Amino acid sequence: MDGKRSNPAKHRVGESSAADRKTMDRRRFLAGAGLAGAAVAGAIPVRAQTLAKPDPAITEVPDWSRYLGDGVAARPYGSPSSFEKHVVRRDVEWLTASRESSVNFTPLHELDGIITPSGLCFERHHGGIAEIDPAQHRLMINGLVEKPMVFTLEDLKRFPNRMNRVYFLECAANSGMEWRGAQLNGCQYTHGMVHNVMYTGISLKSVLDQAGIRPNAKWLLVEGADSAGMTRSIPIEKALKDCMVVWGMNGEALRPEQGYPLRIVVPGWEGNMWVKWLRRIEVGDQPWQHREETSKYTDLLENGTSRRFTFVMDAKSVVTNPSPQAPLKHKGPNVMTGLAWSGRGTVTRVDVSIDGGKNWHTARLDGPVLPMSLTRFYFDIDWNGQEMLVQSRAFDSTGYVQPTKEELRKIRGVNSIYHNNGIQTWFVHKNGETENVEVS
Amino acid sequence: MSRSLKLLGLALALSLLAFPAAAQKLNLGRVALPEEIAAWDTDVRPDGLGLPPGKGSVKQGEEIFLQQCASCHGQFGEGAGRWPALAGGLNTLKADRPDKTVGSFWPYLSTVYDYIRRAMPYGNAQSLTADETYAIVAFLLNMNDIVKDDFVLSKENFGKVKMPNAAGFFDDNREVAEKAFWKKDVCMTNCKKEVKILNRARVIDVTPESKTAPKVD
């Protein structure tokens, strides 16, 4: 990451709004004083509040300081604190006919860094969660191969060249409810069909090599063992380039809802292709044109024709805090943060606006910045209680810049359902309440 | 032992320690038996590859559909509640609210056969025979006015059925049609004169578990 670009103190402050200028001036001061990297609270003059009475949280001995807690056998597989019960995947019941063929959403506004905890990764099933005994699971390779093969999990785990990679997975329908205008109040609902996981497995190529693909191979069909028998066609170039067959996520086995014991990873491409409960790969010379690549996951345009094979996920970003489920609660220093990603490459830059796109400021990227991975950005603000229209826009290594929703609609209309990567606007009210809006 | 044999022994020992990255046979897994491939490889392509022998009539299909499909998809394929409609919607793809059904939208008949055979009926997948599947597909075609009431669909005449929206799809062209999104210069300051709020999610009020206004200190 370019240090100059990522340094918030380098913003052009001369032409920004008055409120913004105040924020910027303080930052410039911090930078000038050599304190830009220091904790904000340490550099701002402390608003010394004096309490009338001592804080009982300090003066009284709480139970947890006096009595013994649970021993080491009480939590053989640990869970989050009971005070974090609100941090859960949520669904929108009216969205689908049945919860077995439905979706829930990652609580992006409750998370930080770039890795999504395994239990909070959004779920999308078409026939419910297949609960598979790994000893009964098989992976078959057939079609245009020298030798059709069957592998067990144990076989696959003995392959050489095991690898670990971090990739985002975004459902092509993420933000799909927002094509006709602002609809759902919460980045969990508008942007929560994305997660970012470190996968453990082997290259798809190494598995295919065992069967020996024939020279006329052009496409693969990947198939799940669930009751939807999920299938997608994948071009052979992509399959051999960077696809993986994985059994691990974030250091542990795949969760059942993420395809235990085996799924395919298709970096940067729409989540529907990452077939879970992977049981079969067929090699062929043309796409299969199955349900999920014709009647679904094609993008209907205004003229009545549809784009198909729109596999790659374009650059996108969203401010996760503040957002409708995470309103601002304090004037003064606040951490504005969010996520950016691109299926075409690496996020090179994220800009943030607090005035609905009149003026933009380059945010700071922190944590690993990896290709086809969620990337964390921060924009620290000093909020005086003014109304804000918060936006973010992502840039990627191919030069793509996240478009506005209006720019997208001009080309695609409002009925394409999938691939809505338009710029999101949050309206922060004077009381900190934050709302999903669209602006001119 | 000769020097060359020693070297060979060393090379063999090393080969046990590290695999080259290039394609190689690992002696892992086993050959798939024809019966196993037949059990799983039921997929069907637009060129007919994968279609099983068999046939089914519109009339047979109607009976099966009413028993096994209509509770979700409606007696006439109109869809119950939020379950998918399968019939109707012809010429609505340019409309403000397109009605995407098997008849109005699906480009290939093979997709219908493949999907029903692998995933339907919902909750009892892979329970239909090849003939039953042909019959249901025939009935769906009939409900969409693509074939007549006395039509019998079979492996042999499958390829002759043309779907109304067969020519309605084209390959991803974003890198051309949306070339403008690869921007050389982006505006940073004074990018627009005024900003107006055009619409608000709150007005629609469909968010689950909406919160009340927070407290600001």
# chains A, B, ... in the order shown; residues from 1 in each chain; ligands from 1
$ residues_around --residues "Leu120 in chain A" --least-positions-apart "2" --cutoff "6 Å" --atoms "only C-alpha atoms" --output "list of chain:residue names"
A:Arg89, A:Thr106, A:Pro117, A:Ser118
$ select_by_dssp --residues "chain B" --states "alpha helix (DSSP H)" --output "PyMOL selection string"
chain B and resi 3-17+34-40+58-68+70-73+109-119+130-143+174-177+201-204
$ residues_around --residues "range 70-78 of chain B" --least-positions-apart "6" --cutoff "10 Å" --atoms "only C-alpha atoms" --output "ChimeraX atom specification"
/A:97 /B:62,64,84-89,101-102,121-122,139-140,143-144
$ atom_distance --atom1 "CA of Ser323 in chain A" --atom2 "CA of Glu170 in chain A"
19.6 Å
$ atom_distance --atom1 "CA of Asp43 in chain B" --atom2 "CA of Glu282 in chain A"
9.5 Å
